[in-house]
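Novice: I'd like to ask some things about the structure below.
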Amino acid sequence: MNRRLFIQTLTAAFTAAALSTAAAPVLSQQTQGANRMTHAQNPTLPVSMVQEWDKIFPQNSNVSHQKVSFKNRYGITLVGDLYLPKNASGKLPAIAVSGPFGAVKEQSSGLYAQELAARGFVTLAFDGSYTGESGGEPRNMASPEINTEDFSAAVDYLGRLKNVNRENIGILGVCGWGGFALNAAVSDPRIKAVAVSTMYDMTRVNANGYEIKLDPKGQYDRVPAQDADARYKMKLDMSNARWEAAKHDYADLLPANNLDPEKDITAETPKFVAEYANFYRTKRGFHPRSVNSNPKGSWTTTAFLPFINMPILQRASELRAPALVVHGEIAHSRYFGEDAFKSLGSKDKELVIVKGANHTDLYDNTTGKIPFDKFEAFFKAKLK
């Protein structure tokens, strides 16, 4: 596979502040502009904190919502949407949600968070470092370590809220953030339960390539992982790209993750690539802050270097928290979920395969395939 196609199909998948629970005020256009100027002076601060409802899903009248921010241990300020079940009282269990990789909290993670809040949890959907409204420069950078840390920082935030029982905090990761969620649960014993939906292991796919046929009909037969020579060539190309990227503070971007569904999809396009495009680049899932929706660029040219050489889930066998792994029956990525499930050392784990679901069917509920009842039952049983 040529490098352009590899990056295109790889990134297609994810590519493919206050602790009070009082409502935050709506920010004026002038204030939003001031936020952007402040970020330019201190890139660890948020890019924005838009208060208007700008999600791809409708607002639930049974759930209250507010914009919040918090720092990770690298000093980067993350921006999230805090969802609270209305009329709830006492200390509640809480869940931090993020993903897919390259998406924003106004897309899938917000949908999951709002739905679980309606079912009795305090939930937090957040943008990872360097993406969405969260801080960090250069924009559209990624890191297996920092993205794992972002989940623990979200736990830090939730555990300091007055209406959260810090002994009952779980996390949920979608797509590429599923791998980070499992990694965080292995490293952070405060996480009492972890669930993943349609997960990717981002370090595995970067190091090995897709271990499936890139088939336009969706027959994803397994193929061998790419070998050390192919990895070396990829690392050489990415490392050589650093010379030019360094001139621009490493802000150079790769071409757009996802194809234009109206112009670029052909009979030869792998089916899952078309499915990504039909989510991120159409009204169904488009959001202007999403890396995966951007028609003019995607991740930085150096973003994936650490993913090749620094694998996550090396201590998966040491996971002790209960785990729920949910994947689509006909998803191209199903092998990630099944292999991760086998590697998990937790004595309390469950694999759920959703009949007839492809990868992006679990991004939103347009096909009614997200098993929210299963997620609710899992977290209610484990966070108590």
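In the structure tokens, the first chain shown is A, the next is B, and so on; residue numbers restart at 1 for each chain, and ligands run from 1 in the order shown.
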To test your reading of the structure, identify every residue in range 141-216 of chain A that backbone DSSP assigns to alpha helix (DSSP H), and report it as a VMD selection string.

Specialist: chain A and resid 144 to 159 176 to 187 202 to 208

Novice: Give me the residues within 10 Å of Asp361 in chain A as a CSV table (one decimal) with N, CA and C atoms, in the first residue's frame, counting only C-alpha atoms and dropping any in the same chain fewer than 5 places off.

Specialist:
chain,number,residue,atom,x,y,z
A,198,THR,N,-16.6,0.1,19.7
A,198,THR,CA,-16.1,0.0,18.4
A,198,THR,C,-14.6,0.5,18.4
A,275,GLU,N,-17.6,4.5,4.6
A,275,GLU,CA,-18.5,4.7,5.8
A,275,GLU,C,-18.0,5.9,6.7
A,279,PHE,N,-20.0,9.6,7.4
A,279,PHE,CA,-20.3,10.1,8.7
A,279,PHE,C,-19.7,11.5,8.9
A,327,HIS,N,-18.5,-4.2,20.2
A,327,HIS,CA,-18.1,-4.0,18.8
A,327,HIS,C,-19.2,-4.5,17.9
A,328,GLY,N,-19.1,-4.0,16.7
A,328,GLY,CA,-20.1,-4.3,15.6
A,328,GLY,C,-19.7,-5.6,14.9
A,331,ALA,N,-18.1,-4.8,11.6
A,331,ALA,CA,-17.1,-3.7,11.6
A,331,ALA,C,-15.7,-4.2,11.1
A,354,VAL,N,-22.4,-6.6,18.5
A,354,VAL,CA,-23.7,-6.0,18.1
A,354,VAL,C,-24.1,-6.5,16.7
A,356,GLY,N,-25.1,-7.1,13.1
A,356,GLY,CA,-25.4,-6.3,11.9
A,356,GLY,C,-24.8,-4.9,11.9
A,366,THR,N,-28.3,6.5,14.5
A,366,THR,CA,-29.2,6.6,13.3
A,366,THR,C,-29.7,5.3,12.9
A,367,THR,N,-29.0,4.2,13.2
A,367,THR,CA,-29.5,2.8,12.9
A,367,THR,C,-30.0,2.1,14.2
A,368,GLY,N,-30.0,2.8,15.3
A,368,GLY,CA,-30.5,2.2,16.5
A,368,GLY,C,-29.7,1.1,17.1
A,369,LYS,N,-28.4,1.0,16.8
A,369,LYS,CA,-27.6,-0.1,17.1
A,369,LYS,C,-26.7,0.1,18.4
A,370,ILE,N,-26.6,1.3,18.9
A,370,ILE,CA,-25.8,1.4,20.1
A,370,ILE,C,-26.5,0.8,21.3

Novice: Any idea what the distance is between CA of Thr301 in chain A and CA of Trp177 in chain A?

Specialist: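 These atoms are spaced 20.2 Å apart.
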
Novice: Identify, on the basis of only C-alpha atoms, every residue whose closest approach to Ala303 in chain A does not exceed 8 Å; exclude the query and any residue fewer than 6 positions from it along the same chain; express the result as a PyMOL selection string.

Specialist: chain A and resi 140-143

Novice: How about saving the chosen residues, C-alpha atoms kept, as an mmCIF file, in the first residue's frame?

Specialist:
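Saved to part-v4.cif:
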data_model
loop_
_atom_site.group_PDB
_atom_site.id
_atom_site.type_symbol
_atom_site.label_atom_id
_atom_site.label_comp_id
_atom_site.auth_asym_id
_atom_site.auth_seq_id
_atom_site.Cartn_x
_atom_site.Cartn_y
_atom_site.Cartn_z
ATOM 1 C CA ASN A 140 -4.052 18.368 15.631
ATOM 2 C CA MET A 141 -1.148 16.686 17.402
ATOM 3 C CA ALA A 142 -1.574 13.315 19.107
ATOM 4 C CA SER A 143 0.286 11.343 21.759
#

Novice: Need to verify the contact set: range 60-71 of chain A, 6 Å, only C-alpha atoms, exclusion of same-chain residues closer than 3 positions in sequence. Can you return it as a list in words?

Specialist: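 Selected residues are Ala17, Ala23, Gly75, Ile76, Thr77, Leu78, Val79, Gly80, Asp81, Leu82, Tyr83, Leu84, Pro85, Lys86 and Ala118 of chain A.
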
Novice: With all heavy atoms retained, export the selected residues as a compact mmCIF listing (two decimals), in the first residue's frame.

Specialist:
# COMPACT_ATOMS: atom_id res chain seq x y z
N ALA A 17 -13.03 24.58 34.08
CA ALA A 17 -12.15 25.23 35.01
C ALA A 17 -12.73 25.35 36.40
O ALA A 17 -12.02 25.10 37.27
CB ALA A 17 -11.79 26.63 34.57
N ALA A 23 -24.68 26.74 36.26
CA ALA A 23 -24.63 26.91 34.81
C ALA A 23 -23.66 28.01 34.45
O ALA A 23 -23.58 29.06 35.09
CB ALA A 23 -26.03 27.25 34.29
N GLY A 75 -0.25 20.41 32.06
CA GLY A 75 -0.59 21.83 32.06
C GLY A 75 -1.50 22.24 30.93
O GLY A 75 -1.82 23.43 30.79
N ILE A 76 -1.96 21.29 30.11
CA ILE A 76 -2.86 21.61 29.01
C ILE A 76 -4.29 21.66 29.55
O ILE A 76 -4.72 20.76 30.27
CB ILE A 76 -2.75 20.56 27.89
CG1 ILE A 76 -1.33 20.56 27.31
CG2 ILE A 76 -3.78 20.81 26.80
CD1 ILE A 76 -1.07 19.41 26.35
N THR A 77 -5.01 22.72 29.22
CA THR A 77 -6.38 22.85 29.66
C THR A 77 -7.31 22.14 28.68
O THR A 77 -7.32 22.42 27.49
CB THR A 77 -6.79 24.33 29.76
OG1 THR A 77 -5.93 24.98 30.70
CG2 THR A 77 -8.23 24.46 30.24
N LEU A 78 -8.08 21.19 29.22
CA LEU A 78 -9.04 20.44 28.42
C LEU A 78 -10.43 21.05 28.61
O LEU A 78 -10.77 21.51 29.70
CB LEU A 78 -9.06 18.98 28.86
CG LEU A 78 -7.72 18.24 28.86
CD1 LEU A 78 -7.92 16.79 29.26
CD2 LEU A 78 -7.04 18.33 27.50
N VAL A 79 -11.21 21.04 27.56
CA VAL A 79 -12.56 21.58 27.61
C VAL A 79 -13.55 20.42 27.46
O VAL A 79 -13.36 19.53 26.62
CB VAL A 79 -12.79 22.62 26.50
CG1 VAL A 79 -14.24 23.10 26.49
CG2 VAL A 79 -11.85 23.81 26.70
N GLY A 80 -14.57 20.44 28.29
CA GLY A 80 -15.54 19.35 28.25
C GLY A 80 -16.96 19.86 28.41
O GLY A 80 -17.21 21.02 28.75
N ASP A 81 -17.90 18.97 28.13
CA ASP A 81 -19.31 19.20 28.40
C ASP A 81 -19.72 18.31 29.56
O ASP A 81 -19.57 17.08 29.50
CB ASP A 81 -20.16 18.85 27.18
CG ASP A 81 -20.03 19.88 26.07
OD1 ASP A 81 -20.25 21.07 26.35
OD2 ASP A 81 -19.70 19.49 24.93
N LEU A 82 -20.20 18.92 30.63
CA LEU A 82 -20.64 18.19 31.82
C LEU A 82 -22.15 18.01 31.73
O LEU A 82 -22.91 18.98 31.56
CB LEU A 82 -20.27 18.97 33.08
CG LEU A 82 -20.55 18.27 34.41
CD1 LEU A 82 -19.63 17.06 34.59
CD2 LEU A 82 -20.36 19.25 35.57
N TYR A 83 -22.60 16.76 31.79
CA TYR A 83 -24.02 16.43 31.72
C TYR A 83 -24.49 15.90 33.08
O TYR A 83 -23.84 15.03 33.66
CB TYR A 83 -24.27 15.39 30.64
CG TYR A 83 -23.96 15.85 29.24
CD1 TYR A 83 -22.71 15.61 28.67
CD2 TYR A 83 -24.91 16.53 28.49
CE1 TYR A 83 -22.42 16.03 27.38
CE2 TYR A 83 -24.63 16.96 27.19
CZ TYR A 83 -23.38 16.70 26.64
OH TYR A 83 -23.09 17.12 25.36
N LEU A 84 -25.63 16.45 33.55
CA LEU A 84 -26.16 16.07 34.86
C LEU A 84 -27.61 15.67 34.73
O LEU A 84 -28.40 16.38 34.09
CB LEU A 84 -26.06 17.25 35.84
CG LEU A 84 -24.68 17.87 36.04
CD1 LEU A 84 -24.81 19.20 36.76
CD2 LEU A 84 -23.79 16.94 36.82
N PRO A 85 -28.01 14.55 35.33
CA PRO A 85 -29.43 14.19 35.32
C PRO A 85 -30.22 15.20 36.15
O PRO A 85 -29.85 15.49 37.29
CB PRO A 85 -29.45 12.80 35.94
CG PRO A 85 -28.19 12.69 36.72
CD PRO A 85 -27.18 13.57 36.04
N LYS A 86 -31.27 15.75 35.57
CA LYS A 86 -32.06 16.73 36.31
C LYS A 86 -32.79 16.06 37.47
O LYS A 86 -33.16 14.89 37.41
CB LYS A 86 -33.07 17.40 35.37
CG LYS A 86 -32.43 18.37 34.39
CD LYS A 86 -33.47 19.10 33.56
CE LYS A 86 -32.81 20.12 32.65
NZ LYS A 86 -33.81 20.83 31.79
N ALA A 118 -28.84 10.86 31.22
CA ALA A 118 -30.29 10.69 31.31
C ALA A 118 -30.65 9.44 32.09
O ALA A 118 -31.77 9.31 32.61
CB ALA A 118 -30.90 10.63 29.92

Novice: With distances taken over only C-alpha atoms, which of A:Leu236, A:Gln107, A:Ile95, A:Gln226 is nearest to Ile56 in chain A?

Specialist: A:Gln107

Novice: Between CA of Phe101 in chain A and CA of Ala40 in chain A, what distance in Å does the model show, to one decimal?

Specialist: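 About the pair CA of Phe101 in chain A and CA of Ala40 in chain A: they are 24.3 Å apart.
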
Novice: Which of these, A:Lys213, A:Arg320, A:His39, A:Lys91, has the shortest distance to Pro189 in chain A once you count only C-alpha atoms?

Specialist: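 Closest to Pro189 in chain A, using only C-alpha atoms: A:Arg320.
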
Novice: Just how far from CA of Leu344 in chain A is CA of Ser317 in chain A, in Å to one decimal?

Specialist: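 Taking CA of Ser317 in chain A and CA of Leu344 in chain A, their separation equals 4.8 Å.
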
Novice: For Arg73 in chain A, work out the shell of residues within 10 Å, counting only C-alpha atoms and skipping chain neighbours fewer than 3 positions away, then give it as a PyMOL selection string.

Specialist: chain A and resi 76-77+146+149-150+152-153

Novice: Quick one: residues within 12 Å of Pro288 in chain A, only C-alpha atoms counted, chain neighbours fewer than 3 positions away excluded, as a ChimeraX atom specification?

Specialist: /A:54-56,102-107,131-133,280-283,285,291-297
